[in-house]
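Data block for protein_3.pdb (PDB, N, CA and C atoms, pLDDT in the B column):
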```
ATOM      1  N   MET R 382     166.574  81.573 245.006  1.00 84.00           N
ATOM      2  CA  MET R 382     167.521  81.573 243.912  1.00 84.00           C
ATOM      3  C   MET R 382     167.013  82.446 242.766  1.00 84.00           C
ATOM      4  N   GLN R 383     165.742  82.334 242.472  1.00 85.00           N
ATOM      5  CA  GLN R 383     165.160  83.133 241.389  1.00 85.00           C
ATOM      6  C   GLN R 383     165.285  84.631 241.691  1.00 85.00           C
ATOM      7  N   LEU R 384     165.137  84.998 242.945  1.00 85.00           N
ATOM      8  CA  LEU R 384     165.260  86.401 243.340  1.00 85.00           C
ATOM      9  C   LEU R 384     166.673  86.920 243.063  1.00 85.00           C
ATOM     10  N   LEU R 385     167.676  86.128 243.403  1.00 82.00           N
ATOM     11  CA  LEU R 385     169.063  86.530 243.145  1.00 82.00           C
ATOM     12  C   LEU R 385     169.331  86.696 241.660  1.00 82.00           C
ATOM     13  N   ILE R 386     168.828  85.782 240.876  1.00 79.00           N
ATOM     14  CA  ILE R 386     169.033  85.846 239.423  1.00 79.00           C
ATOM     15  C   ILE R 386     168.386  87.094 238.841  1.00 79.00           C
ATOM     16  N   SER R 387     167.172  87.401 239.276  1.00 79.00           N
ATOM     17  CA  SER R 387     166.502  88.584 238.739  1.00 79.00           C
ATOM     18  C   SER R 387     167.199  89.867 239.182  1.00 79.00           C
ATOM     19  N   GLU R 388     167.730  89.901 240.411  1.00 77.00           N
ATOM     20  CA  GLU R 388     168.464  91.079 240.871  1.00 77.00           C
ATOM     21  C   GLU R 388     169.751  91.267 240.074  1.00 77.00           C
ATOM     22  N   LEU R 389     170.459  90.175 239.828  1.00 75.00           N
ATOM     23  CA  LEU R 389     171.688  90.273 239.030  1.00 75.00           C
ATOM     24  C   LEU R 389     171.384  90.737 237.611  1.00 75.00           C
ATOM     25  N   ALA R 390     170.330  90.222 237.030  1.00 72.00           N
ATOM     26  CA  ALA R 390     169.955  90.629 235.678  1.00 72.00           C
ATOM     27  C   ALA R 390     169.604  92.110 235.641  1.00 72.00           C
ATOM     28  N   GLN R 391     168.943  92.610 236.654  1.00 70.00           N
ATOM     29  CA  GLN R 391     168.589  94.031 236.713  1.00 70.00           C
ATOM     30  C   GLN R 391     169.832  94.899 236.837  1.00 70.00           C
ATOM     31  N   LYS R 392     170.787  94.466 237.650  1.00 66.00           N
ATOM     32  CA  LYS R 392     172.012  95.242 237.830  1.00 66.00           C
ATOM     33  C   LYS R 392     172.812  95.300 236.537  1.00 66.00           C
ATOM     34  N   GLU R 393     172.817  94.225 235.763  1.00 66.00           N
ATOM     35  CA  GLU R 393     173.553  94.208 234.508  1.00 66.00           C
ATOM     36  C   GLU R 393     172.980  95.208 233.520  1.00 66.00           C
ATOM     37  N   THR R 394     171.681  95.374 233.484  1.00 64.00           N
ATOM     38  CA  THR R 394     171.084  96.316 232.549  1.00 64.00           C
ATOM     39  C   THR R 394     171.291  97.753 232.985  1.00 64.00           C
ATOM     40  N   ASP R 395     171.612  97.988 234.249  1.00 67.00           N
ATOM     41  CA  ASP R 395     171.834  99.335 234.746  1.00 67.00           C
ATOM     42  C   ASP R 395     173.277  99.814 234.555  1.00 67.00           C
ATOM     43  N   LEU R 396     174.142  98.976 234.009  1.00 73.00           N
ATOM     44  CA  LEU R 396     175.548  99.345 233.869  1.00 73.00           C
ATOM     45  C   LEU R 396     175.751 100.449 232.840  1.00 73.00           C
ATOM     46  N   ILE R 397     175.111 100.333 231.703  1.00 78.00           N
ATOM     47  CA  ILE R 397     175.255 101.314 230.637  1.00 78.00           C
ATOM     48  C   ILE R 397     173.917 102.013 230.455  1.00 78.00           C
ATOM     49  N   LYS R 398     173.955 103.318 230.597  1.00 80.00           N
ATOM     50  CA  LYS R 398     172.718 104.092 230.492  1.00 80.00           C
ATOM     51  C   LYS R 398     172.693 104.849 229.175  1.00 80.00           C
ATOM     52  N   PRO R 399     171.535 104.976 228.579  1.00 83.00           N
ATOM     53  CA  PRO R 399     171.439 105.688 227.304  1.00 83.00           C
ATOM     54  C   PRO R 399     171.732 107.182 227.475  1.00 83.00           C
ATOM     55  N   ASP R 400     172.138 107.802 226.389  1.00 90.00           N
ATOM     56  CA  ASP R 400     172.400 109.241 226.339  1.00 90.00           C
ATOM     57  C   ASP R 400     173.522 109.679 227.271  1.00 90.00           C
ATOM     58  N   ARG R 401     174.498 108.804 227.494  1.00 90.00           N
ATOM     59  CA  ARG R 401     175.671 109.147 228.307  1.00 90.00           C
ATOM     60  C   ARG R 401     176.919 108.814 227.519  1.00 90.00           C
ATOM     61  N   ALA R 402     177.983 109.506 227.790  1.00 91.00           N
ATOM     62  CA  ALA R 402     179.267 109.238 227.148  1.00 91.00           C
ATOM     63  C   ALA R 402     180.140 108.442 228.105  1.00 91.00           C
ATOM     64  N   TYR R 403     180.827 107.459 227.578  1.00 88.00           N
ATOM     65  CA  TYR R 403     181.719 106.625 228.376  1.00 88.00           C
ATOM     66  C   TYR R 403     183.094 106.605 227.724  1.00 88.00           C
ATOM     67  N   PRO R 404     184.160 106.793 228.505  1.00 88.00           N
ATOM     68  CA  PRO R 404     185.510 106.763 227.919  1.00 88.00           C
ATOM     69  C   PRO R 404     185.887 105.351 227.492  1.00 88.00           C
ATOM     70  N   VAL R 405     186.601 105.282 226.396  1.00 87.00           N
ATOM     71  CA  VAL R 405     187.067 103.997 225.870  1.00 87.00           C
ATOM     72  C   VAL R 405     188.582 104.060 225.797  1.00 87.00           C
ATOM     73  N   TRP R 406     189.243 103.104 226.441  1.00 81.00           N
ATOM     74  CA  TRP R 406     190.702 103.066 226.420  1.00 81.00           C
ATOM     75  C   TRP R 406     191.183 102.466 225.117  1.00 81.00           C
ATOM     76  N   SER R 407     192.233 103.011 224.576  1.00 82.00           N
ATOM     77  CA  SER R 407     192.828 102.500 223.353  1.00 82.00           C
ATOM     78  C   SER R 407     194.323 102.304 223.575  1.00 82.00           C
ATOM     79  N   PRO R 408     194.909 101.254 223.009  1.00 78.00           N
ATOM     80  CA  PRO R 408     196.345 101.042 223.185  1.00 78.00           C
ATOM     81  C   PRO R 408     197.197 101.998 222.347  1.00 78.00           C
ATOM     82  N   TYR R 409     196.587 102.706 221.408  1.00 84.00           N
ATOM     83  CA  TYR R 409     197.331 103.636 220.574  1.00 84.00           C
ATOM     84  C   TYR R 409     197.788 104.830 221.402  1.00 84.00           C
ATOM     85  N   ASP R 410     198.998 105.259 221.152  1.00 85.00           N
ATOM     86  CA  ASP R 410     199.622 106.376 221.861  1.00 85.00           C
ATOM     87  C   ASP R 410     199.787 106.100 223.352  1.00 85.00           C
ATOM     88  N   ALA R 411     199.912 104.846 223.728  1.00 88.00           N
ATOM     89  CA  ALA R 411     200.152 104.472 225.126  1.00 88.00           C
ATOM     90  C   ALA R 411     201.645 104.175 225.286  1.00 88.00           C
ATOM     91  N   VAL R 412     202.448 105.201 225.092  1.00 91.00           N
ATOM     92  CA  VAL R 412     203.900 105.045 225.081  1.00 91.00           C
ATOM     93  C   VAL R 412     204.424 104.590 226.446  1.00 91.00           C
ATOM     94  N   GLU R 413     203.897 105.160 227.518  1.00 91.00           N
ATOM     95  CA  GLU R 413     204.361 104.779 228.856  1.00 91.00           C
ATOM     96  C   GLU R 413     204.026 103.323 229.163  1.00 91.00           C
ATOM     97  N   ALA R 414     202.851 102.880 228.770  1.00 89.00           N
ATOM     98  CA  ALA R 414     202.469 101.486 229.003  1.00 89.00           C
ATOM     99  C   ALA R 414     203.364 100.545 228.208  1.00 89.00           C
ATOM    100  N   ALA R 415     203.679 100.900 226.980  1.00 89.00           N
ATOM    101  CA  ALA R 415     204.555 100.068 226.155  1.00 89.00           C
ATOM    102  C   ALA R 415     205.951 100.001 226.754  1.00 89.00           C
ATOM    103  N   ASP R 416     206.446 101.116 227.261  1.00 93.00           N
ATOM    104  CA  ASP R 416     207.764 101.144 227.886  1.00 93.00           C
ATOM    105  C   ASP R 416     207.801 100.265 229.133  1.00 93.00           C
ATOM    106  N   THR R 417     206.758 100.347 229.947  1.00 93.00           N
ATOM    107  CA  THR R 417     206.671  99.517 231.156  1.00 93.00           C
ATOM    108  C   THR R 417     206.637  98.042 230.793  1.00 93.00           C
ATOM    109  N   MET R 418     205.851  97.682 229.786  1.00 92.00           N
ATOM    110  CA  MET R 418     205.763  96.284 229.361  1.00 92.00           C
ATOM    111  C   MET R 418     207.100  95.790 228.844  1.00 92.00           C
ATOM    112  N   LEU R 419     207.801  96.621 228.092  1.00 94.00           N
ATOM    113  CA  LEU R 419     209.109  96.227 227.575  1.00 94.00           C
ATOM    114  C   LEU R 419     210.096  95.976 228.707  1.00 94.00           C
ATOM    115  N   LYS R 420     210.076  96.839 229.731  1.00 95.00           N
ATOM    116  CA  LYS R 420     210.970  96.652 230.879  1.00 95.00           C
ATOM    117  C   LYS R 420     210.641  95.360 231.630  1.00 95.00           C
ATOM    118  N   VAL R 421     209.369  95.058 231.791  1.00 95.00           N
ATOM    119  CA  VAL R 421     208.963  93.827 232.476  1.00 95.00           C
ATOM    120  C   VAL R 421     209.407  92.608 231.679  1.00 95.00           C
ATOM    121  N   LEU R 422     209.215  92.651 230.369  1.00 95.00           N
ATOM    122  CA  LEU R 422     209.622  91.523 229.533  1.00 95.00           C
ATOM    123  C   LEU R 422     211.132  91.322 229.564  1.00 95.00           C
ATOM    124  N   GLN R 423     211.888  92.417 229.538  1.00 95.00           N
ATOM    125  CA  GLN R 423     213.343  92.302 229.594  1.00 95.00           C
ATOM    126  C   GLN R 423     213.802  91.758 230.943  1.00 95.00           C
ATOM    127  N   ALA R 424     213.166  92.171 232.032  1.00 94.00           N
ATOM    128  CA  ALA R 424     213.516  91.665 233.350  1.00 94.00           C
ATOM    129  C   ALA R 424     213.208  90.174 233.443  1.00 94.00           C
ATOM    130  N   ALA R 425     212.076  89.756 232.902  1.00 93.00           N
ATOM    131  CA  ALA R 425     211.725  88.341 232.925  1.00 93.00           C
ATOM    132  C   ALA R 425     212.708  87.527 232.095  1.00 93.00           C
ATOM    133  N   LYS R 426     213.158  88.086 230.990  1.00 90.00           N
ATOM    134  CA  LYS R 426     214.110  87.383 230.116  1.00 90.00           C
ATOM    135  C   LYS R 426     215.448  87.183 230.825  1.00 90.00           C
ATOM    136  N   THR R 427     215.906  88.211 231.549  1.00 89.00           N
ATOM    137  CA  THR R 427     217.191  88.079 232.244  1.00 89.00           C
ATOM    138  C   THR R 427     217.064  87.119 233.423  1.00 89.00           C
ATOM    139  N   GLN R 428     215.891  87.058 234.065  1.00 87.00           N
ATOM    140  CA  GLN R 428     215.695  86.121 235.170  1.00 87.00           C
ATOM    141  C   GLN R 428     215.677  84.669 234.663  1.00 87.00           C
ATOM    142  N   ASN R 429     215.129  84.448 233.503  1.00 78.00           N
ATOM    143  CA  ASN R 429     215.061  83.100 232.936  1.00 78.00           C
ATOM    144  C   ASN R 429     216.441  82.596 232.501  1.00 78.00           C
ATOM    145  N   HIS R 430     217.338  83.520 232.152  1.00 74.00           N
ATOM    146  CA  HIS R 430     218.669  83.115 231.706  1.00 74.00           C
ATOM    147  C   HIS R 430     219.683  83.099 232.839  1.00 74.00           C
ATOM    148  N   ALA R 431     219.294  83.492 234.018  1.00 60.00           N
ATOM    149  CA  ALA R 431     220.232  83.534 235.143  1.00 60.00           C
ATOM    150  C   ALA R 431     220.365  82.184 235.818  1.00 60.00           C
TER     151      ALA R 431
END
```
Can I see the file as C-alpha coordinates?
Amino acid sequence: MQLLISELAQKETDLIKPDRAYPVWSPYDAVEAADTMLKVLQAAKTQNHA
(Lines of atoms letter the chains of each structure in order from A and count residues from 1; the text may use other names and numbers.)
(Lines give C-alpha, C1' and ligand atoms only; values in the text may rest on other atoms or scores of the structure.)
Protein backbone atom coordinates (compact mmCIF):
# COMPACT_ATOMS: atom_id res chain seq x y z
CA MET A 1 0.00 0.00 0.00
CA GLN A 2 2.81 2.39 0.86
CA LEU A 3 4.37 1.76 -2.56
CA LEU A 4 1.14 2.73 -4.33
CA ILE A 5 0.81 5.90 -2.29
CA SER A 6 4.37 6.98 -3.02
CA GLU A 7 3.93 6.28 -6.75
CA LEU A 8 0.72 8.32 -6.86
CA ALA A 9 2.39 11.18 -5.01
CA GLN A 10 5.28 11.15 -7.49
CA LYS A 11 2.93 11.22 -10.47
CA GLU A 12 1.06 14.20 -9.03
CA THR A 13 4.24 16.25 -8.78
CA ASP A 14 5.11 15.43 -12.40
CA LEU A 15 1.90 16.97 -13.77
CA ILE A 16 3.12 20.56 -13.90
CA LYS A 17 6.71 21.16 -14.88
CA PRO A 18 8.60 24.39 -14.28
CA ASP A 19 9.54 26.70 -17.15
CA ARG A 20 6.67 25.50 -19.37
CA ALA A 21 3.60 27.30 -20.64
CA TYR A 22 0.18 25.75 -20.19
CA PRO A 23 -3.04 26.96 -21.86
CA VAL A 24 -5.78 28.18 -19.57
CA TRP A 25 -9.39 28.06 -20.72
CA SER A 26 -11.53 31.10 -20.03
CA PRO A 27 -15.31 31.43 -20.43
CA TYR A 28 -14.87 34.92 -21.89
CA ASP A 29 -15.48 35.15 -25.64
CA ALA A 30 -16.87 31.59 -25.68
CA VAL A 31 -19.83 32.57 -27.84
CA GLU A 32 -20.34 29.11 -29.35
CA ALA A 33 -20.35 27.45 -25.93
CA ALA A 34 -22.89 29.98 -24.63
CA ASP A 35 -25.12 29.40 -27.65
CA THR A 36 -24.97 25.62 -27.16
CA MET A 37 -25.81 25.96 -23.47
CA LEU A 38 -28.74 28.23 -24.25
CA LYS A 39 -30.12 25.72 -26.76
CA VAL A 40 -29.79 22.88 -24.24
CA LEU A 41 -31.53 24.90 -21.54
CA GLN A 42 -34.36 25.85 -23.89
CA ALA A 43 -34.81 22.22 -24.97
CA ALA A 44 -34.93 21.10 -21.34
CA LYS A 45 -37.49 23.81 -20.56
CA THR A 46 -39.79 22.70 -23.38
CA GLN A 47 -39.47 19.04 -22.31
CA ASN A 48 -40.44 19.92 -18.73
CA HIS A 49 -43.56 21.76 -19.91
CA ALA A 50 -44.69 19.06 -22.34
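Between CA of Arg401 (chain R) and CA of Leu389 (chain R) the separation is 22.1 Å.
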* To do: Pull the alpha helix (DSSP H) assignments for chain R out of DSSP run on the backbone, and list those residues as number ranges by chain.
  => R: 383-394, 412-430
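As for CA of Pro408 (chain R) and atom N of Leu396 (chain R), they are spaced 24.8 Å apart.
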* To do: Could you jot down the CA of Tyr403 (chain R) to CA of Leu385 (chain R) separation for me, Å, one decimal place?
  => 28.0 Å
